[in-house]
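Undergrad: Here's a structure for you.
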Amino acid sequence: MEKPTFPRRFFTKGSDPESDKSIGYYSNNTKLFAALTTLLTDDEWAELEESPLGVFFRFVNSKFSWASMIVKCMLNMQIVCKKPFEIWSVVGSNPVRFSLHEFEHITGLNCEYRENLKAPLTADIDENEFSEFWEKLGVHTKFGPSVDNLTRACGWAQDWSKEDRKRLAYLAVYAGFIVGERQTIATPVEMAKLVMDLEEFEGYPWGRVAFLNLIESVKSANLTKHYYINRFVEVLQVWSYYAMPSFGQDFGEPVVGRVSPTMMAFKGMKGRKNIMQTLLAQVNFNHMIMVDRDNAYPRWDNDVDDEHIENVMKAFYGELGGTWRWKPSDWISEGVIVLDKVKEEKGIDKKRHLDSGLGPSKRPCPAYGIDGHTSGASWDTFQSTVAAMFEQFSKQQTGEIGLRFDRLDEKVEVLTSKISCMESTIEKLQIVMSEEEREAMLSPTMVLRFLQTGSFPTSPKLQRSNSNAAQILCSYCKFSARIAAKQTMDESDKLENPKLPPIASSESESETPEEESCELLREYFPTKEEKIADLKRRQPKDTAKVIDAKARKTERLRTLAQTQNGIYVGSSTVKRMFSNKEPRGRGYDPFRKADKQMKEVVLDHYKSCPGLGKKKTIKTVHDYPLRFWWYDLLNQNEWLIDTHMNAAVYLLRTRLLDHPEWFRSDRFCLVDTTFGQYWTAKYDEFKMIEPNELGEGRPLPTLSYDYYKGVLPEPRPTNKIWGVDIDELYIPFNLNGDHWVALFVSLPKRHITIYDSKPSHVKPGLLASLIEPVTVMFPYLMRQLADEDKKYEWTLEPFTYDRPIDQASVPQQANGSDCGVFTLKFIECHALGIEFPQTLCHKNIPSLRLRLAYDLFEETGVRGPKERDWSELD
């Protein structure tokens with residue numbers, strides 16, 4: 001009989017990955033189940049332990065000790081298994097299986113087959129009851145609850161009914177064990193929705209769901225790096241205790257007596273020493289759960305056949321000729337995964353001895369392979385090394401070539417600027433001298449005189465020009481005269497005229513003359529007589545003109561050196577260093593008082609709104625929204641809502657677009673409240689998606705792109721791109737739904753300053769979580785939407801933030817309703833370049849409200865609240 005072929009190992013025997021890091025996991029969240037234990041009574045907890053899901057609740061009380069090193073060793077000893085719903089490991093020479101059969105035996109959970117396992121039918125569930133319970137949890141109905149959601153719900157569920165508290169406990173098991181994701185990740189809502197029918201939830205095959213989630217996580221793990229395993233990962237540790245009974249006795253801390261299921265028979269043990277050696281020394285094995293041959297493979301949709309795994313099954317069921325004795329020769333020692341760095345096995349000499357016994361040879365020992373032959377890993381390593389060296393050489397040469405081209409471009413730019421200067425000079429000469437004078441200056445007579453004396457006669461027009469023009473003109477004339485002289489000499493040679501005297505030069509004979517084409521670019525130095533004549537001509541007639549002339553100095557245009565250039569042209573630091581313009585900002589007084597006429601205009605419009613005289617109630621606000629919108633804006637005891645804030649932002653944006661000189665810069669934009677509201681609402685959905693290897697791949701809220709491109713907010717969009725045309729942003733931001741603050745976002749500094757008129761309202765600990773959507777999603781937005789060649793400038797590190805609480809620098813409100821007005825004035829003053837004055841106080845708020853109402857009425861045409869658009873939050 002031909003010897004059967006068994007699967008190959010993942011890793012070459014003795015060269016598995018280093019076990020220097022633990023496996024990350026999220027199941028059995030400590031905070032969640034501690035809060036649940038505090039919430040439920042002893043009778044309720046005992047009832048849950050006797051339920052079909054009781055193994056989870058008993059496991060929480062068992063205080064099981066997780067030992068990731070054991071699981072890591074078991075997974076490193078895997079063999080190739082094409083079947084997607086099971087894994088095999090070879091401990092020494094003995095294979096052990098982890099499939100649904102083993103999972104069911106270890107946990108005792110319901111693992112029966114069901115179609116559409118992860119898409120259960122929930123049509124019979126009462127939607128109103130579901131929405132009401134989800135509202136109690138504080139979760140959107142489109143998402144399942146996260147671990148954090150359930151932990152918070154345990155804090156206010158004391159008054160819930162017994163059924164609702166039981167639902168909360170089952171959801172804790174579902175999120176904390178069966179899903180077992182990060183505590184902020186929302187769970188699939190379709191399966192969480194089953195909790196509304198307690199009988200259906202208890203009878204659902206959650207064991208099959210939990211196993212499917214676990215095996216998918218194991219199959220997708222990269223064993224060569226630090227990795228996480230989601231779902232009920234502790235089962236893998238108990239599986240090692242079950243598969244190797246002696247190992248479980250020594251390392252599993254078994255419970256005294258016969259305990260069922262196997263999951264509750266061990267308390268676990270944290271041990272890191274000699275784990276691998278102990279595993280390899282095992283001789284007793286429970287290889288697999290032996291069932292009927294027809295049921296050896298659990299029923300799964302889309303299962304795959306594996307010929308090599310089938311040979312292992314045949315060996316266990318005696319189909320290869322009696323009881324199979326597993327030997328090292330049954331398994332190929334070389335694995336299918338080649339590591340970059342292979343650890344050496346102890347006891348192996350690094351030098352190979354010759355058969356003659358004459359001592360060690362200097363030839364290196366081959367890598368571990370089949371029958372002592374050299375492994376292909378060495379050749380692969382050599383090829384990768386050569387490829388890396390070639391790639392590095394190519395990059396270096398490409399960089400040097402690019403650098404040479406850059407230097408050539410710089411020289412071309414310099415030459416182009418000189419030519420432009422020459423053209424500009426000629427244009428100035430055309431203005432200074434008439435065409436007749438230029439022709440007379442370059443006549444043959446003048447050329448001959450220039451050749452003899454080296455100078456031109458002074459033109460009256462030239463005398464009236466300034467000294468700079470005179471120097472330029474002389475340089476131009478010399479250049480033109482040389483060309484004309486050369487032409488004259490050529491003609492005289494043809495006519496056999498006497499040789500003309502050599503052209504006079506102001507340079508010494510010892511110096512090498514430059515090319516004639518560079519003559520115009522040389523600096524002209526006037527003679528002593530020309531200087532005296534120029535001083536006499538420019539002699540002022542009185543002392544006042546002299547003083548005035550000294551006071552007037554031509555300002556030099558300051559520019560940055562090449563090493564000082566950055567991507568942010570509008571940097572405030574650069575502007576302070578090199579200020580070529582008058583200081584901007586302070587275009588108007590934001591605290592100018594409203595006069596009587598303004599008050600009459602606003603009150604007349606307010607009185608014209610329907611509903612005058614009605615007291616403010618929920619019904620009247622709904623029936624007369626226009627009247628109470630103006631009422632809240634003018635009344636200091638009322639809180640400004642988002643439509644008030646957006647109208648004021650629109651007013652400031654209109655002023656910025658129409659009169660940018662009023663503000664300290666034109667490289668900032670004003671964002672409305674919708675931006676912060678959408679980001680806060682979508683943050684849980686943003687965190688729910690796991691990023692890719694680069695940290696990217698998460699979906700940003702739909703409106704983010706429009707804000708980034710300057711299409712929003714409307715009306716009067718700026719159409720300026722953040723990070724390119726915009727360096728700073730002002731955002732009125734709502735904290736916790738009941739307090740307005742001003743956010744000043746500096747994109748170059750990656751920093752957010754929070755101007756808060758009442759810091760005591762939101763404690764620092766709560767502030768961090770409330771501002772997290774902005775600090776985390778801003779760098780993500782800038783990196784994802786930046787051009788490909790600019791992405792490296794934006795890392796995914798969260799923006800930093802601070803909140804100044806000095807009352808001298810940040811004025812404080814004296815009541816609980818003025819935060820909106822303070823927020824708007826913080827933004828307006830900062831944008832105008834004005835420090836927050838002491839006049840921004842409780843006493844002046846009525847006047848500021850009235851002035852804001854008048855400006856909205858007159859400058860923007862606002863007559864009431866703009867209808868909100870919540871379509872993106874549906």
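As shown in the structure tokens, the chain order sets the letters A, B, ...; within each chain, residues go from 1, and ligands are also counted from 1 in the order they appear.
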Please provide as a VMD selection string all residues within 9 Å of Leu781 of chain A, with the sequence filter that same-chain residues fewer than 6 positions apart are discarded (counting only C-alpha atoms).
TA: chain A and resid 700 704 to 705 708
Undergrad: Residues within 10 Å of Ile229 of chain A, please, as a list in words. Count only C-alpha atoms; anything in the same chain fewer than 4 positions from it doesn't count.
TA: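 Contacts, with the query itself left out: Ile23, Gly24, Tyr25, Tyr26, Ser27, Gly180, Glu181, Asn213, Leu214, Ile215, Glu216, Ser217, Val218, Lys219, Ser220, Ala221, Val233 and Glu234 of chain A.
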Undergrad: Taking the DSSP secondary structure from the backbone, can you list the residues of segment 595-716 of chain A that are helix (DSSP H, G or I), as a short mmCIF file (atom, residue, chain, number, x, y, z; two decimals) with N, CA and C atoms, in the first residue's frame?
TA:
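And here is the file that came out, part-v5.cif:
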```
data_model
loop_
_atom_site.label_atom_id
_atom_site.label_comp_id
_atom_site.auth_asym_id
_atom_site.auth_seq_id
_atom_site.Cartn_x
_atom_site.Cartn_y
_atom_site.Cartn_z
N LYS A 596 -31.11 103.54 18.90
CA LYS A 596 -32.56 103.46 19.02
C LYS A 596 -33.22 103.05 17.71
N GLN A 597 -32.67 103.54 16.60
CA GLN A 597 -33.24 103.22 15.30
C GLN A 597 -33.14 101.72 15.01
N MET A 598 -31.98 101.14 15.33
CA MET A 598 -31.81 99.71 15.13
C MET A 598 -32.82 98.91 15.95
N LYS A 599 -33.02 99.36 17.18
CA LYS A 599 -33.96 98.66 18.06
C LYS A 599 -35.38 98.71 17.49
N GLU A 600 -35.75 99.84 16.94
CA GLU A 600 -37.09 99.97 16.37
C GLU A 600 -37.28 99.05 15.17
N VAL A 601 -36.24 98.93 14.33
CA VAL A 601 -36.35 98.07 13.15
C VAL A 601 -36.56 96.62 13.57
N VAL A 602 -35.79 96.16 14.55
CA VAL A 602 -35.89 94.77 14.99
C VAL A 602 -37.23 94.51 15.67
N LEU A 603 -37.64 95.43 16.54
CA LEU A 603 -38.89 95.21 17.28
C LEU A 603 -40.09 95.27 16.35
N ASP A 604 -40.04 96.13 15.35
CA ASP A 604 -41.16 96.19 14.40
C ASP A 604 -41.32 94.86 13.67
N HIS A 605 -40.20 94.28 13.27
CA HIS A 605 -40.29 92.99 12.59
C HIS A 605 -40.75 91.90 13.56
N TYR A 606 -40.26 91.97 14.80
CA TYR A 606 -40.65 90.97 15.79
C TYR A 606 -42.15 91.03 16.08
N LYS A 607 -42.68 92.24 16.17
CA LYS A 607 -44.12 92.39 16.45
C LYS A 607 -44.98 91.97 15.27
N SER A 608 -44.39 91.97 14.07
CA SER A 608 -45.17 91.57 12.90
C SER A 608 -45.29 90.06 12.76
N ILE A 618 -44.33 74.32 24.65
CA ILE A 618 -43.94 73.40 23.57
C ILE A 618 -44.87 73.55 22.38
N LYS A 619 -46.16 73.73 22.67
CA LYS A 619 -47.14 73.85 21.59
C LYS A 619 -46.98 75.16 20.83
N THR A 620 -46.83 76.28 21.57
CA THR A 620 -46.73 77.57 20.89
C THR A 620 -45.44 77.69 20.08
N VAL A 621 -44.36 77.10 20.57
CA VAL A 621 -43.11 77.11 19.81
C VAL A 621 -43.28 76.36 18.50
N HIS A 622 -44.04 75.28 18.55
CA HIS A 622 -44.29 74.50 17.33
C HIS A 622 -45.23 75.25 16.39
N ASP A 623 -46.21 75.95 16.95
CA ASP A 623 -47.19 76.64 16.11
C ASP A 623 -46.66 77.96 15.55
N PRO A 625 -43.10 79.16 15.06
CA PRO A 625 -41.63 79.06 15.13
C PRO A 625 -40.92 80.36 14.82
N LEU A 626 -41.45 81.19 13.91
CA LEU A 626 -40.78 82.44 13.55
C LEU A 626 -40.77 83.42 14.71
N ARG A 627 -41.87 83.53 15.38
CA ARG A 627 -41.98 84.49 16.48
C ARG A 627 -41.03 84.12 17.62
N PHE A 628 -41.00 82.84 17.99
CA PHE A 628 -40.18 82.44 19.13
C PHE A 628 -38.71 82.30 18.74
N TRP A 629 -38.39 82.23 17.45
CA TRP A 629 -36.99 82.28 17.04
C TRP A 629 -36.40 83.66 17.35
N TRP A 630 -37.13 84.70 17.01
CA TRP A 630 -36.68 86.06 17.33
C TRP A 630 -36.76 86.32 18.84
N TYR A 631 -37.75 85.73 19.49
CA TYR A 631 -37.89 85.90 20.94
C TYR A 631 -36.67 85.33 21.67
N ASP A 632 -36.23 84.12 21.29
CA ASP A 632 -35.06 83.51 21.92
C ASP A 632 -33.78 84.29 21.62
N LEU A 633 -33.71 84.87 20.42
CA LEU A 633 -32.51 85.62 20.06
C LEU A 633 -32.39 86.90 20.88
N LEU A 634 -33.51 87.56 21.19
CA LEU A 634 -33.48 88.86 21.88
C LEU A 634 -33.52 88.72 23.40
N ASP A 642 -29.21 75.97 17.28
CA ASP A 642 -28.26 75.83 16.17
C ASP A 642 -28.59 76.75 15.00
N THR A 643 -29.87 77.03 14.76
CA THR A 643 -30.21 77.93 13.65
C THR A 643 -29.77 79.36 13.91
N HIS A 644 -29.79 79.78 15.18
CA HIS A 644 -29.23 81.10 15.53
C HIS A 644 -27.74 81.13 15.24
N MET A 645 -27.04 80.09 15.67
CA MET A 645 -25.59 80.05 15.49
C MET A 645 -25.21 80.03 14.01
N ASN A 646 -25.94 79.26 13.23
CA ASN A 646 -25.63 79.16 11.80
C ASN A 646 -25.90 80.47 11.08
N ALA A 647 -26.96 81.19 11.49
CA ALA A 647 -27.24 82.48 10.89
C ALA A 647 -26.13 83.47 11.19
N ALA A 648 -25.61 83.45 12.43
CA ALA A 648 -24.51 84.36 12.79
C ALA A 648 -23.22 83.99 12.04
N VAL A 649 -22.96 82.69 11.87
CA VAL A 649 -21.78 82.27 11.10
C VAL A 649 -21.91 82.71 9.65
N TYR A 650 -23.11 82.63 9.09
CA TYR A 650 -23.35 83.12 7.73
C TYR A 650 -23.08 84.61 7.61
N LEU A 651 -23.45 85.37 8.66
CA LEU A 651 -23.17 86.81 8.67
C LEU A 651 -21.67 87.08 8.63
N LEU A 652 -20.90 86.38 9.47
CA LEU A 652 -19.45 86.58 9.48
C LEU A 652 -18.81 86.12 8.18
N ARG A 653 -19.32 85.03 7.62
CA ARG A 653 -18.77 84.54 6.36
C ARG A 653 -19.03 85.52 5.22
N THR A 654 -20.19 86.16 5.24
CA THR A 654 -20.50 87.17 4.23
C THR A 654 -19.55 88.35 4.33
N ARG A 655 -19.29 88.80 5.55
CA ARG A 655 -18.35 89.92 5.73
C ARG A 655 -16.94 89.54 5.28
N LEU A 656 -16.54 88.30 5.57
CA LEU A 656 -15.20 87.87 5.18
C LEU A 656 -15.06 87.83 3.66
N LEU A 657 -16.07 87.36 2.96
CA LEU A 657 -15.99 87.26 1.51
C LEU A 657 -16.07 88.63 0.84
N ASP A 658 -16.87 89.53 1.42
CA ASP A 658 -17.02 90.87 0.81
C ASP A 658 -15.90 91.83 1.21
N PRO A 660 -12.44 91.05 2.92
CA PRO A 660 -11.41 90.24 3.58
C PRO A 660 -10.39 91.08 4.34
N GLU A 661 -10.23 92.35 3.94
CA GLU A 661 -9.25 93.20 4.62
C GLU A 661 -9.67 93.53 6.05
N TRP A 662 -10.92 93.34 6.40
CA TRP A 662 -11.37 93.59 7.76
C TRP A 662 -10.79 92.60 8.75
N THR A 673 -22.67 74.79 12.59
CA THR A 673 -22.82 73.78 13.64
C THR A 673 -23.12 72.40 13.08
N THR A 674 -23.63 72.34 11.85
CA THR A 674 -23.98 71.05 11.26
C THR A 674 -22.76 70.13 11.17
N PHE A 675 -21.60 70.72 10.92
CA PHE A 675 -20.37 69.94 10.79
C PHE A 675 -20.10 69.15 12.07
N GLY A 676 -20.11 69.82 13.21
CA GLY A 676 -19.86 69.13 14.47
C GLY A 676 -20.95 68.15 14.84
N GLN A 677 -22.21 68.49 14.52
CA GLN A 677 -23.32 67.59 14.84
C GLN A 677 -23.22 66.29 14.05
N TYR A 678 -22.89 66.39 12.76
CA TYR A 678 -22.77 65.19 11.95
C TYR A 678 -21.59 64.33 12.40
N TRP A 679 -20.46 64.95 12.67
CA TRP A 679 -19.29 64.17 13.09
C TRP A 679 -19.54 63.48 14.42
N THR A 680 -20.19 64.14 15.34
CA THR A 680 -20.48 63.52 16.63
C THR A 680 -21.43 62.34 16.46
N ALA A 681 -22.46 62.52 15.61
CA ALA A 681 -23.45 61.46 15.41
C ALA A 681 -22.86 60.26 14.67
N LYS A 682 -21.90 60.50 13.77
CA LYS A 682 -21.35 59.44 12.93
C LYS A 682 -20.07 58.81 13.51
N TYR A 683 -19.65 59.26 14.70
CA TYR A 683 -18.36 58.80 15.21
C TYR A 683 -18.39 57.32 15.57
N ASP A 684 -19.50 56.86 16.17
CA ASP A 684 -19.57 55.43 16.50
C ASP A 684 -19.52 54.57 15.24
N GLU A 685 -20.18 55.03 14.19
CA GLU A 685 -20.13 54.30 12.93
C GLU A 685 -18.72 54.32 12.34
N PHE A 686 -18.02 55.45 12.52
CA PHE A 686 -16.64 55.57 12.05
C PHE A 686 -15.73 54.57 12.78
N LYS A 687 -15.91 54.44 14.09
CA LYS A 687 -15.07 53.54 14.87
C LYS A 687 -15.43 52.07 14.65
N MET A 688 -16.63 51.82 14.18
CA MET A 688 -17.08 50.45 14.02
C MET A 688 -16.29 49.72 12.94
N SER A 704 -18.42 65.35 4.86
CA SER A 704 -17.04 65.78 5.14
C SER A 704 -16.35 66.29 3.88
N TYR A 705 -16.55 65.61 2.77
CA TYR A 705 -15.87 65.99 1.53
C TYR A 705 -16.30 67.38 1.08
N ASP A 706 -17.60 67.68 1.20
CA ASP A 706 -18.10 69.00 0.78
C ASP A 706 -17.53 70.11 1.65
N TYR A 707 -17.40 69.86 2.96
CA TYR A 707 -16.79 70.87 3.83
C TYR A 707 -15.32 71.05 3.48
N TYR A 708 -14.62 69.94 3.23
CA TYR A 708 -13.19 69.99 2.91
C TYR A 708 -12.94 70.79 1.64
#
```
Undergrad: Can you measure atom CA of Leu743 of chain A to atom CA of Ile827 of chain A for me? One decimal in Å is fine.
TA: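 Atom CA of Ile827 of chain A lies at a distance of 8.3 Å from atom CA of Leu743 of chain A.
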Undergrad: Nearest to Ser62 of chain A among A:Met264, A:Met77, A:Ile106, A:Val776, with distances taken over only C-alpha atoms: which residue is it?
TA: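 For Ser62 of chain A, the nearest of the candidates is A:Met264.
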